[in-house]
Amino acid sequence: MRAARRPEPSTFPSAELHPQSQYPLEYPSYSFHLPLSRPVFDPHHFTHSSIMPCHSRRRYIRLEFISGQNLKVPSGRISAGICVSINVDSWRRWKSSVKVLSFEESAVWGDTVTLSLHASSAFSLEIRASYELGRRLGSGEIIGKLQISWDNLLNHGDEPFTLYFPPVRGIHPSLTLKTTVVNACDNQNGALSGSLVECKIARDTDAGHAHLAKYVTSNTVSQLKHAMQRLQLVLDQCRVGHLDRATALTNLAWARLIGYISNHVQDIDTTISLFRDAFALRPQCHPDHALSLHNLTKALTWRHRRKGTASDIREITQLYHELLRPEGTYRHSIAAGENGVDCVIRRCNYLPIDASDEGIHLRRVVLELCPLGHQLRPRALDKLSWALSSRFEQHGNIDDIDMSIQLGREAVSLCPEGHDGRDDYLNNLATSLVFRFDHHGKADDLDEAISLYEEVLCPVGHEYRDISLHNLGGILIARFEKHGDIDDITQAVSILREALTLRPPEHPYRDKTLNSLAHALNIRYDQSDVSGDINEAIDCHRESLRLKRLDDPERHKTLHNLSSALCSRFTHTQENEDVEEAITLCQESLAGLSLLHPSRYFSYIRLQEAYLSRYRILHEPADLSFAIENFRLASRHRTKGYPERIMEAHDWTVVTEQYGHESAPEAYTTFFELLDAHLATRSSPISRREAAAAFRDISRLPVDAASCAIRSDNLSQAVEFVEQGRGQQWSLASRLKTPVEDLESVNPTLAHDYLELSKLVSNAAQSSATITDRAAADLAATEYRRLTRQWEAVVTQIRNLRAFSRFLLPPLYEDLQAAARHGPVIILIASQYSCSAIIVPTSGDPHNVSLSITLADLNTLKDRFTRAIREASRMSQAESRTDLIVLSRMIWDQIMAHIVDKLKHVLKLKRYSRIWLCPTAAFMSIPLHAAHPFKTNPDRSKEPCLEDLYICSYTPTLSALVRSRQFMKKRVPPSVVAIGQGQPGEGKGKALLAVDSELELVYKLVPATANRSTISGDAATRTGALNALEQNTWVHLACHGKQDRTQPYNSHFVMRDEHLTLLDIMERDIPHAEFAFLSACHTAVGDEETPDEVIHLAAGLQFSGFKSVIGTLWEVDDSVAKHIVKAFYENMFQDLKDGVMDCTKAAWALNRATHAVKKEVPLEQRMVFVHIGV
């Protein structure tokens, strides 16, 4: 059974961001930083009979109000500022200026007042929160009140002292004052005119504030009702046009909002309407405009929190943009006050995340206000990172998630161990890494995310342990789907069960954990077939769905996963109701998603699964058609990441082959296109190969596709399929080295741009390959993609030119046929469906040769050859190689004899003509050139073998042969270097005693007209060898060779110091190189992980520019190799025309050499050498 897929990332199980990163249940009662007012006397309570009449013989006390601390507003409401008032009696009152309440709940005044010591024996001192900056309605909300005698004040002398007030929310507010006795009246804060307010509405307003404060501190609903009644009464008296109507609207709205937060008022819409009306009455020039704007955002935030209304978060973002506009009134008013800026930044950080472009712009503005070193920068980075990851979920743009991770890393780097927010940032960074893994398939992202989630796992009893468990359980599911370790899914179920116990029915995130647990159970059911698991999974999904509102933006995820569970159960029970419901659920999810939403992909695959499940039971053709259409839609849904779409296209090919559906060629084409696009996003050959190898069971797709085309009698398409599928690694690596001579003659500017960008992309790829730091690697990958986009834009312009429409696109058959210009190319296809050979002739249509041998037979033959070669290496030269003879005869009888028959009788190919073999899959490990009938005819003549009939060469791909021929146009005077390393050093292999004599032999045999040189011993280093490769056209290498089967780009020649790797060679561009003889072991052996990608040392030299290469299939015997070498060069350089060294003679020279040394060299050592290239 097909393994269940992982759910969508945020249910996946919805990786959750830390709640401390989100807005809290209640804003702290920090004041808004608004323009300051001067201290005033309230004229309603103060007359011209001054509080301190100036009589020279009287004594006075001067009070200086320095600062206040722990100034919490009892109601929790946001204030415009804090003031201090002195009440001497019922008609004499003094008020300080309104001062900003900092984020630390403190204020600084510096105001003074002079009072007569004879005025009264005592007075009251009050701290009040003011809710208006302009015209005030009432005295504000009392924070603290004390009755104080003059004696208490005078006891402190001239030193500052602190007065403590009754506690508010468990903390004592305090004032720091200083008193001075003076002998003259010196009132520096004289009476100033202010707004006259009617007594009745002022008293009702103050009463409303008092009731609201009592409600908050006591949670007594009757106090809330009294507050709302008083404030409604005030509003009724402040009819339309009244100067205090905006204030009355705001006060009532705040009482209702505080009740809504505590669930004692249900109607939030009326509250928002009141705030809107107040905001409309306070235009931008009004001193309370900014405060009204902020009040409205808070109400909208709470409605969004409770109802998830998308329009609310968009409006909140727009309102905050107005607050933070550089030219705005609010920004201007806070320019001189750093605390005010910080206050707004903090409030922005408490806003719900808005993933719209406007919301992300707001986060960027906030980040700009937090330069490096600012205490709020980590949180601002985290919030922008979160917003970008949310937008990535909606639109699938890889740049968003890359930037999210980059910002998350910076936030973490700014918080040392023990920092309050560090765990939040680690958690959120892990979540972003999970999203990128889901989209891009990088195993490093998965590993790092698991490590981070484990690091922030909260201990038992911690209030956020449920989040830690939920996220860890989800990532274990992902790891199971990556590696298939059943222990991961078992552990995930256990962890998610614990998380669910910490999220009882009333918990706001219970639905997410239910969904994740259900998905884990579904996967375990698919693995173990325990019916209890699938039934529990469906029950959990249903409960999760019941807990989600119809307008919940993540509802579609639960619909998808419930559909999948129902399909799993239907497959076993065949209850039609399950599959019918599954289809309905998917259709419902599609109806709620935009056309480009990434999650439509999941709707398509669940529909595909449902229709296919039903087809397998009921065999209705319409169900298969519906399933195929959803395969098509899912694999082509461009806002979903490549890895998932590639696997969907792969599954599509499997289904078409299984049921013989006509869409099979389209499925294979889609697969190759997606894989090519995915690999193109990786900057280095190694990362591209790792990305390809990550897809299990897809290495056979090229030959299966070719087999499909052959069975459809479309041989040209079969050639195109096998070339596109097998040549991806080389074609992606070579696209930056494509010759542009023809383009230069048509559009030299475009050719120049292409070449320059190709260099930049190549340099970026090489530099990124050496980076080990994850953050630096992410930045390098982003830069690589930026350059690649520019490069792709130029390529698009080139394709718009006439005659260049196929520039760098997979070649068509007509283009590939150029590989057969000097002789037919035989592609041997080993597929699970059929084995055959396609002969590409010099002209005309390709020919098919059906082979009776099966893929299983080929694998057996390959294994037998490996054993026979190993055994032969232990034999003396005189012993008969019976097993090798038998196997060579099998190659002839079962494979090559059929091909030779076609070459002789259909293509009429003459004897000693050249042919090129292009083996695939299991054919690659079989020495096809060694096919031999070992048969004597009745006339006692020997039946000719393949190499008696034709001159055989190999080519990794047809494109490689075409490319080599293109570069043959450029010929330069030959220069030959022989590089040998017979003493590689300790731990690098045994000494090769014949190397030096082999180098001397080559030097002697090379024509004296050529520039000849030899490098050996200490001079044969990695750098020395690379320089020699670049500076010479002909190279002979005699040393140890090692094919790394797990990482073929690390295959290497052993030099004195460091290895000369395949990757080293590929990074060199040597267009004038012609010929290389690799007298070393294992230089033409392919890659086990991706057997249809010919990645070996000989192919690497061909890629870097060498047109003709002699390589080896297995270990070379140092003692006999010199016989082959001598015979080869003697044939290579005999009868030179005009003294010209011609690398195209290499295949013929090798053929003659192996015939010439039959007596001196055993069979397996004659087979080991092969020719590759022109």
# chains A, B, ... in the order shown; residues from 1 in each chain; ligands from 1
>>> residues_around(residues="Leu1001 of chain A", least_positions_apart="2", cutoff="10 Å", atoms="only C-alpha atoms", output="MDAnalysis selection string")
chainID A and resid 978 995:999 1003:1006 1122 1125:1126 1129
>>> residues_around(residues="segment 621-629 of chain A", least_positions_apart="6", cutoff="12 Å", atoms="only C-alpha atoms", output="ChimeraX atom specification")
/A:579-580,583,603-615,635-636,648-649,651-656,658-664,666-667
>>> residues_around(residues="segment 360-374 of chain A", least_positions_apart="2", cutoff="7 Å", atoms="only C-alpha atoms", output="PyMOL selection string")
chain A and resi 317+321+345+354-358+376-377+380-381+383-384+387-388
>>> write_last_selection(atoms="N, CA, C and O atoms", output="PDB file, in the first residue's frame")
ATOM      1  N   THR A 317      -3.746  46.425  10.143  1.00  0.00           N
ATOM      2  CA  THR A 317      -2.475  46.740   9.484  1.00  0.00           C
ATOM      3  C   THR A 317      -2.506  48.131   8.881  1.00  0.00           C
ATOM      4  O   THR A 317      -1.560  48.916   9.015  1.00  0.00           O
ATOM      5  N   HIS A 321      -0.176  51.348   9.896  1.00  0.00           N
ATOM      6  CA  HIS A 321       0.625  52.056   8.895  1.00  0.00           C
ATOM      7  C   HIS A 321       0.470  53.561   9.077  1.00  0.00           C
ATOM      8  O   HIS A 321       1.437  54.320   8.970  1.00  0.00           O
ATOM      9  N   ILE A 345       6.201  50.027  19.026  1.00  0.00           N
ATOM     10  CA  ILE A 345       6.838  48.803  18.522  1.00  0.00           C
ATOM     11  C   ILE A 345       6.322  47.595  19.294  1.00  0.00           C
ATOM     12  O   ILE A 345       5.990  46.556  18.722  1.00  0.00           O
ATOM     13  N   ASP A 354      -0.300  39.268  10.106  1.00  0.00           N
ATOM     14  CA  ASP A 354      -0.975  39.521   8.840  1.00  0.00           C
ATOM     15  C   ASP A 354       0.004  39.159   7.730  1.00  0.00           C
ATOM     16  O   ASP A 354       1.052  39.782   7.592  1.00  0.00           O
ATOM     17  N   ALA A 355      -0.348  38.147   6.931  1.00  0.00           N
ATOM     18  CA  ALA A 355       0.563  37.667   5.887  1.00  0.00           C
ATOM     19  C   ALA A 355       0.383  38.396   4.573  1.00  0.00           C
ATOM     20  O   ALA A 355       0.993  38.013   3.570  1.00  0.00           O
ATOM     21  N   SER A 356      -0.448  39.445   4.557  1.00  0.00           N
ATOM     22  CA  SER A 356      -0.606  40.206   3.318  1.00  0.00           C
ATOM     23  C   SER A 356       0.637  41.041   3.063  1.00  0.00           C
ATOM     24  O   SER A 356       1.483  41.232   3.938  1.00  0.00           O
ATOM     25  N   ASP A 357       0.744  41.572   1.855  1.00  0.00           N
ATOM     26  CA  ASP A 357       1.884  42.433   1.535  1.00  0.00           C
ATOM     27  C   ASP A 357       1.919  43.649   2.452  1.00  0.00           C
ATOM     28  O   ASP A 357       2.995  44.084   2.883  1.00  0.00           O
ATOM     29  N   GLU A 358       0.732  44.186   2.767  1.00  0.00           N
ATOM     30  CA  GLU A 358       0.672  45.354   3.650  1.00  0.00           C
ATOM     31  C   GLU A 358       1.139  44.989   5.065  1.00  0.00           C
ATOM     32  O   GLU A 358       1.858  45.751   5.716  1.00  0.00           O
ATOM     33  N   LEU A 376      14.346  45.760  21.361  1.00  0.00           N
ATOM     34  CA  LEU A 376      13.164  45.132  20.768  1.00  0.00           C
ATOM     35  C   LEU A 376      13.442  44.512  19.400  1.00  0.00           C
ATOM     36  O   LEU A 376      12.532  43.977  18.771  1.00  0.00           O
ATOM     37  N   ARG A 377      14.677  44.568  18.940  1.00  0.00           N
ATOM     38  CA  ARG A 377      14.981  44.027  17.611  1.00  0.00           C
ATOM     39  C   ARG A 377      14.704  42.518  17.505  1.00  0.00           C
ATOM     40  O   ARG A 377      14.138  42.078  16.496  1.00  0.00           O
ATOM     41  N   ALA A 380      11.036  42.014  16.916  1.00  0.00           N
ATOM     42  CA  ALA A 380      10.630  42.529  15.603  1.00  0.00           C
ATOM     43  C   ALA A 380      11.088  41.587  14.493  1.00  0.00           C
ATOM     44  O   ALA A 380      10.361  41.335  13.526  1.00  0.00           O
ATOM     45  N   LEU A 381      12.296  41.052  14.618  1.00  0.00           N
ATOM     46  CA  LEU A 381      12.787  40.066  13.650  1.00  0.00           C
ATOM     47  C   LEU A 381      11.896  38.822  13.638  1.00  0.00           C
ATOM     48  O   LEU A 381      11.528  38.303  12.577  1.00  0.00           O
ATOM     49  N   LYS A 383       8.770  38.534  14.531  1.00  0.00           N
ATOM     50  CA  LYS A 383       7.435  38.794  13.994  1.00  0.00           C
ATOM     51  C   LYS A 383       7.453  38.891  12.468  1.00  0.00           C
ATOM     52  O   LYS A 383       6.551  38.387  11.791  1.00  0.00           O
ATOM     53  N   LEU A 384       8.471  39.548  11.920  1.00  0.00           N
ATOM     54  CA  LEU A 384       8.581  39.608  10.460  1.00  0.00           C
ATOM     55  C   LEU A 384       8.833  38.212   9.898  1.00  0.00           C
ATOM     56  O   LEU A 384       8.264  37.831   8.863  1.00  0.00           O
ATOM     57  N   ALA A 387       5.521  36.408   9.880  1.00  0.00           N
ATOM     58  CA  ALA A 387       4.639  36.892   8.817  1.00  0.00           C
ATOM     59  C   ALA A 387       5.059  36.329   7.459  1.00  0.00           C
ATOM     60  O   ALA A 387       4.216  35.922   6.644  1.00  0.00           O
ATOM     61  N   LEU A 388       6.352  36.281   7.206  1.00  0.00           N
ATOM     62  CA  LEU A 388       6.835  35.756   5.926  1.00  0.00           C
ATOM     63  C   LEU A 388       6.551  34.263   5.799  1.00  0.00           C
ATOM     64  O   LEU A 388       6.191  33.782   4.725  1.00  0.00           O
TER      65      LEU A 388
END
>>> closest_residue(among="A:His470, A:His556, A:Arg799, A:Arg786", to="Ala751 of chain A", atoms="only C-alpha atoms")
A:Arg799
>>> residues_around(residues="Tyr131 of chain A", least_positions_apart="3", cutoff="8 Å", atoms="only C-alpha atoms", output="PyMOL selection string")
chain A and resi 78-81+136+140
>>> write_last_selection(atoms="N, CA and C atoms", output="CSV table (one decimal), in the first residue's frame")
chain,number,residue,atom,x,y,z
A,78,ILE,N,-5.8,51.6,28.2
A,78,ILE,CA,-4.7,52.4,27.7
A,78,ILE,C,-5.0,53.9,28.0
A,79,SER,N,-4.0,54.5,28.7
A,79,SER,CA,-4.2,55.9,29.0
A,79,SER,C,-3.4,56.8,28.1
A,80,ALA,N,-3.9,58.1,28.0
A,80,ALA,CA,-3.1,59.1,27.3
A,80,ALA,C,-1.9,59.5,28.1
A,81,GLY,N,-2.0,59.4,29.4
A,81,GLY,CA,-0.9,59.8,30.3
A,81,GLY,C,-1.3,59.8,31.7
A,136,ARG,N,-10.8,67.5,28.2
A,136,ARG,CA,-11.0,66.3,29.1
A,136,ARG,C,-12.4,66.3,29.6
A,140,GLY,N,-10.5,61.6,35.2
A,140,GLY,CA,-9.7,60.4,34.9
A,140,GLY,C,-9.9,59.3,35.9
>>> residues_around(residues="Asp466 of chain A", least_positions_apart="3", cutoff="8 Å", atoms="only C-alpha atoms", output="list in words")
Glu463, Leu469, His470, Glu498, Ala499, Leu500, Leu502 and Arg503 of chain A
>>> select_by_dssp(residues="segment 806-989 of chain A", states="strand (DSSP E or B)", output="number ranges by chain")
A: 825-830, 835-840, 847-850, 914-919, 936, 942, 951-954, 975-980
>>> write_last_selection(atoms="N, CA and C atoms", output="CSV table (one decimal), in the first residue's frame")
chain,number,residue,atom,x,y,z
A,825,VAL,N,24.4,4.7,-32.8
A,825,VAL,CA,24.5,4.7,-31.4
A,825,VAL,C,23.4,3.7,-30.9
A,826,ILE,N,23.8,2.7,-30.1
A,826,ILE,CA,22.9,1.7,-29.6
A,826,ILE,C,22.6,1.9,-28.2
A,827,ILE,N,21.3,2.3,-27.9
A,827,ILE,CA,20.9,2.5,-26.5
A,827,ILE,C,20.3,1.2,-26.0
A,828,LEU,N,20.8,0.7,-24.9
A,828,LEU,CA,20.3,-0.5,-24.4
A,828,LEU,C,19.5,-0.2,-23.1
A,829,ILE,N,18.2,-0.6,-23.2
A,829,ILE,CA,17.2,-0.2,-22.2
A,829,ILE,C,16.8,-1.4,-21.3
A,830,ALA,N,17.1,-1.3,-20.0
A,830,ALA,CA,16.8,-2.3,-19.1
A,830,ALA,C,15.7,-1.8,-18.1
A,835,CYS,N,13.0,-5.3,-21.9
A,835,CYS,CA,14.4,-5.0,-22.2
A,835,CYS,C,14.6,-5.0,-23.7
A,836,SER,N,15.2,-3.9,-24.2
A,836,SER,CA,15.4,-3.8,-25.7
A,836,SER,C,16.5,-2.9,-26.0
A,837,ALA,N,16.8,-2.8,-27.3
A,837,ALA,CA,17.8,-1.9,-27.7
A,837,ALA,C,17.2,-1.0,-28.8
A,838,ILE,N,17.6,0.3,-28.8
A,838,ILE,CA,17.2,1.2,-29.8
A,838,ILE,C,18.5,1.6,-30.6
A,839,ILE,N,18.5,1.4,-31.9
A,839,ILE,CA,19.6,1.8,-32.7
A,839,ILE,C,19.3,3.1,-33.4
A,840,VAL,N,20.1,4.1,-33.0
A,840,VAL,CA,20.0,5.5,-33.7
A,840,VAL,C,20.9,5.5,-34.9
A,847,HIS,N,15.6,2.3,-34.9
A,847,HIS,CA,15.2,0.9,-35.0
A,847,HIS,C,15.2,0.2,-33.6
A,848,ASN,N,14.2,-0.6,-33.5
A,848,ASN,CA,14.0,-1.3,-32.2
A,848,ASN,C,14.5,-2.7,-32.3
A,849,VAL,N,15.2,-3.2,-31.3
A,849,VAL,CA,15.6,-4.6,-31.2
A,849,VAL,C,15.1,-5.2,-29.9
A,850,SER,N,14.1,-6.0,-30.0
A,850,SER,CA,13.5,-6.6,-28.7
A,850,SER,C,14.4,-7.7,-28.2
A,914,ARG,N,32.4,2.0,-37.0
A,914,ARG,CA,32.4,2.4,-35.6
A,914,ARG,C,30.9,2.3,-35.1
A,915,ILE,N,30.8,1.9,-33.9
A,915,ILE,CA,29.5,1.9,-33.2
A,915,ILE,C,29.7,2.4,-31.8
A,916,TRP,N,28.7,3.0,-31.3
A,916,TRP,CA,28.7,3.6,-29.9
A,916,TRP,C,27.6,2.9,-29.0
A,917,LEU,N,28.0,2.4,-27.9
A,917,LEU,CA,27.1,1.7,-27.0
A,917,LEU,C,26.7,2.7,-25.9
A,918,CYS,N,25.4,2.8,-25.6
A,918,CYS,CA,24.9,3.7,-24.5
A,918,CYS,C,24.0,2.9,-23.6
A,919,PRO,N,24.6,2.2,-22.7
A,919,PRO,CA,23.9,1.2,-21.8
A,919,PRO,C,23.2,2.0,-20.7
A,936,THR,N,33.2,-22.2,-32.9
A,936,THR,CA,33.9,-22.6,-34.1
A,936,THR,C,33.0,-23.1,-35.2
A,942,LYS,N,36.8,-19.4,-36.8
A,942,LYS,CA,36.2,-18.9,-35.6
A,942,LYS,C,35.1,-17.9,-35.9
A,951,ILE,N,34.3,-1.4,-34.4
A,951,ILE,CA,35.1,-0.7,-33.4
A,951,ILE,C,34.1,-0.1,-32.4
A,952,CYS,N,34.2,-0.5,-31.2
A,952,CYS,CA,33.2,-0.2,-30.2
A,952,CYS,C,33.7,1.0,-29.3
A,953,SER,N,32.8,1.9,-29.1
A,953,SER,CA,33.0,3.0,-28.1
A,953,SER,C,31.8,3.0,-27.2
A,954,TYR,N,31.9,3.7,-26.1
A,954,TYR,CA,30.8,4.0,-25.2
A,954,TYR,C,30.5,5.5,-25.2
A,975,SER,N,49.9,19.2,-27.1
A,975,SER,CA,50.9,19.1,-26.1
A,975,SER,C,50.5,17.9,-25.2
A,976,VAL,N,51.5,17.1,-24.8
A,976,VAL,CA,51.2,15.8,-24.1
A,976,VAL,C,51.9,15.8,-22.8
A,977,VAL,N,51.1,15.5,-21.7
A,977,VAL,CA,51.7,15.3,-20.4
A,977,VAL,C,51.4,13.9,-19.9
A,978,ALA,N,52.4,13.3,-19.3
A,978,ALA,CA,52.2,12.0,-18.6
A,978,ALA,C,52.3,12.2,-17.1
A,979,ILE,N,51.2,11.9,-16.4
A,979,ILE,CA,51.2,12.2,-15.0
A,979,ILE,C,51.2,10.8,-14.3
A,980,GLY,N,52.1,10.6,-13.4
A,980,GLY,CA,52.1,9.3,-12.7
A,980,GLY,C,52.4,9.5,-11.2
>>> residues_around(residues="Arg549 of chain A", least_positions_apart="2", cutoff="12 Å", atoms="only C-alpha atoms", output="list in words")
Arg306, Lys307, Gly308, Thr309, Pro508, Asp511, Ser544, Leu545, Arg546, Leu547, Asp551, Asp552, Pro553, Glu554, Arg555, His556 and Thr558 of chain A
>>> write_last_selection(atoms="all heavy atoms", output="short mmCIF file (atom, residue, chain, number, x, y, z; two decimals), in the first residue's frame")
data_model
loop_
_atom_site.label_atom_id
_atom_site.label_comp_id
_atom_site.auth_asym_id
_atom_site.auth_seq_id
_atom_site.Cartn_x
_atom_site.Cartn_y
_atom_site.Cartn_z
N ARG A 306 -11.12 36.22 18.36
CA ARG A 306 -12.26 35.35 18.69
C ARG A 306 -12.95 34.78 17.44
O ARG A 306 -13.41 33.65 17.45
CB ARG A 306 -13.29 36.16 19.50
CG ARG A 306 -12.78 36.60 20.88
CD ARG A 306 -12.90 35.49 21.91
NE ARG A 306 -12.31 35.86 23.20
CZ ARG A 306 -12.97 36.55 24.14
NH1 ARG A 306 -14.22 36.97 23.93
NH2 ARG A 306 -12.37 36.82 25.28
N LYS A 307 -13.00 35.56 16.36
CA LYS A 307 -13.80 35.16 15.20
C LYS A 307 -12.97 34.87 13.96
O LYS A 307 -13.51 34.35 12.98
CB LYS A 307 -14.84 36.25 14.88
CG LYS A 307 -15.84 36.48 16.00
CD LYS A 307 -16.93 37.45 15.58
CE LYS A 307 -18.00 37.60 16.66
NZ LYS A 307 -19.09 38.50 16.24
N GLY A 308 -11.70 35.27 13.98
CA GLY A 308 -10.84 35.02 12.83
C GLY A 308 -11.23 35.77 11.59
O GLY A 308 -11.02 35.30 10.47
N THR A 309 -11.84 36.95 11.74
CA THR A 309 -12.29 37.73 10.59
C THR A 309 -11.08 38.29 9.84
O THR A 309 -10.32 39.10 10.37
CB THR A 309 -13.19 38.90 11.05
OG1 THR A 309 -14.18 38.37 11.95
CG2 THR A 309 -13.86 39.56 9.86
N PRO A 508 -8.15 26.12 23.15
CA PRO A 508 -8.33 26.69 21.80
C PRO A 508 -7.57 25.95 20.71
O PRO A 508 -7.92 26.08 19.54
CB PRO A 508 -7.79 28.12 21.96
CG PRO A 508 -6.91 28.10 23.16
CD PRO A 508 -7.52 27.09 24.07
N ASP A 511 -8.06 21.21 18.55
CA ASP A 511 -8.35 20.70 17.21
C ASP A 511 -7.07 20.37 16.45
O ASP A 511 -7.01 19.39 15.69
CB ASP A 511 -9.19 21.70 16.42
CG ASP A 511 -8.47 23.02 16.20
OD1 ASP A 511 -7.99 23.60 17.19
OD2 ASP A 511 -8.38 23.46 15.05
N SER A 544 -11.97 17.12 15.61
CA SER A 544 -11.22 18.30 15.20
C SER A 544 -12.06 19.17 14.27
O SER A 544 -12.08 20.40 14.40
CB SER A 544 -9.92 17.88 14.50
OG SER A 544 -9.23 18.99 13.99
N LEU A 545 -12.76 18.53 13.36
CA LEU A 545 -13.60 19.28 12.41
C LEU A 545 -14.75 19.99 13.12
O LEU A 545 -15.10 21.12 12.79
CB LEU A 545 -14.13 18.32 11.34
CG LEU A 545 -14.69 18.95 10.07
CD1 LEU A 545 -13.63 19.78 9.36
CD2 LEU A 545 -15.24 17.87 9.14
N ARG A 546 -15.33 19.33 14.13
CA ARG A 546 -16.42 19.95 14.88
C ARG A 546 -15.94 21.20 15.64
O ARG A 546 -16.69 22.15 15.83
CB ARG A 546 -17.02 18.95 15.87
CG ARG A 546 -17.94 17.92 15.24
CD ARG A 546 -18.76 17.19 16.31
NE ARG A 546 -17.92 16.46 17.25
CZ ARG A 546 -17.51 15.21 17.08
NH1 ARG A 546 -17.87 14.54 15.98
NH2 ARG A 546 -16.77 14.61 17.99
N LEU A 547 -14.69 21.17 16.08
CA LEU A 547 -14.16 22.29 16.85
C LEU A 547 -13.80 23.49 15.98
O LEU A 547 -13.57 24.58 16.49
CB LEU A 547 -12.93 21.85 17.64
CG LEU A 547 -13.19 20.85 18.77
CD1 LEU A 547 -11.87 20.34 19.34
CD2 LEU A 547 -14.03 21.49 19.87
N ASP A 551 -15.70 29.19 8.96
CA ASP A 551 -14.84 30.16 8.29
C ASP A 551 -13.38 30.08 8.76
O ASP A 551 -12.58 30.97 8.46
CB ASP A 551 -15.37 31.59 8.48
CG ASP A 551 -15.41 32.00 9.96
OD1 ASP A 551 -15.28 31.11 10.83
OD2 ASP A 551 -15.59 33.20 10.24
N ASP A 552 -13.04 29.03 9.50
CA ASP A 552 -11.66 28.88 9.97
C ASP A 552 -10.74 28.75 8.75
O ASP A 552 -10.97 27.90 7.89
CB ASP A 552 -11.54 27.63 10.85
CG ASP A 552 -10.20 27.55 11.56
OD1 ASP A 552 -9.16 27.59 10.86
OD2 ASP A 552 -10.17 27.46 12.80
N PRO A 553 -9.68 29.58 8.68
CA PRO A 553 -8.81 29.53 7.50
C PRO A 553 -8.04 28.23 7.34
O PRO A 553 -7.48 27.97 6.28
CB PRO A 553 -7.86 30.72 7.72
CG PRO A 553 -7.91 31.00 9.18
CD PRO A 553 -9.29 30.64 9.63
N GLU A 554 -8.00 27.38 8.38
CA GLU A 554 -7.29 26.11 8.28
C GLU A 554 -8.24 24.91 8.28
O GLU A 554 -7.79 23.76 8.40
CB GLU A 554 -6.29 25.97 9.44
CG GLU A 554 -5.16 26.99 9.38
CD GLU A 554 -4.05 26.68 10.35
OE1 GLU A 554 -4.25 25.82 11.21
OE2 GLU A 554 -2.99 27.30 10.25
N ARG A 555 -9.49 25.16 8.08
CA ARG A 555 -10.48 24.08 8.08
C ARG A 555 -10.19 23.05 6.97
O ARG A 555 -10.38 21.85 7.15
CB ARG A 555 -11.88 24.66 7.91
CG ARG A 555 -13.00 23.63 7.87
CD ARG A 555 -14.36 24.30 7.72
NE ARG A 555 -15.41 23.34 7.46
CZ ARG A 555 -16.06 22.64 8.38
NH1 ARG A 555 -15.74 22.83 9.64
NH2 ARG A 555 -16.99 21.79 8.05
N HIS A 556 -9.71 23.56 5.82
CA HIS A 556 -9.48 22.66 4.69
C HIS A 556 -8.47 21.57 5.03
O HIS A 556 -8.53 20.46 4.47
CB HIS A 556 -8.98 23.45 3.48
CG HIS A 556 -7.68 24.17 3.71
ND1 HIS A 556 -7.61 25.41 4.29
CD2 HIS A 556 -6.41 23.79 3.47
CE1 HIS A 556 -6.34 25.78 4.37
NE2 HIS A 556 -5.60 24.83 3.90
N THR A 558 -8.07 19.90 7.87
CA THR A 558 -8.74 18.79 8.54
C THR A 558 -9.62 18.02 7.55
O THR A 558 -9.71 16.79 7.62
CB THR A 558 -9.58 19.31 9.72
OG1 THR A 558 -8.74 20.07 10.60
CG2 THR A 558 -10.20 18.17 10.50
#
>>> closest_residue(among="A:Asn427, A:Asn263, A:Val460, A:Phe602", to="Glu448 of chain A", atoms="only C-alpha atoms")
A:Asn427
>>> residues_around(residues="segment 527-535 of chain A", least_positions_apart="4", cutoff="9 Å", atoms="only C-alpha atoms", output="list in words")
Met1, Ala3, Ile486, Ala518, Leu521, Asn522, Ile523, Asp539, Cys540, Ala565, Leu566, Ser568 and Arg569 of chain A
>>> select_by_dssp(residues="segment 856-945 of chain A", states="alpha helix (DSSP H)", output="PyMOL selection string")
chain A and resi 856-872+882-891+897-905
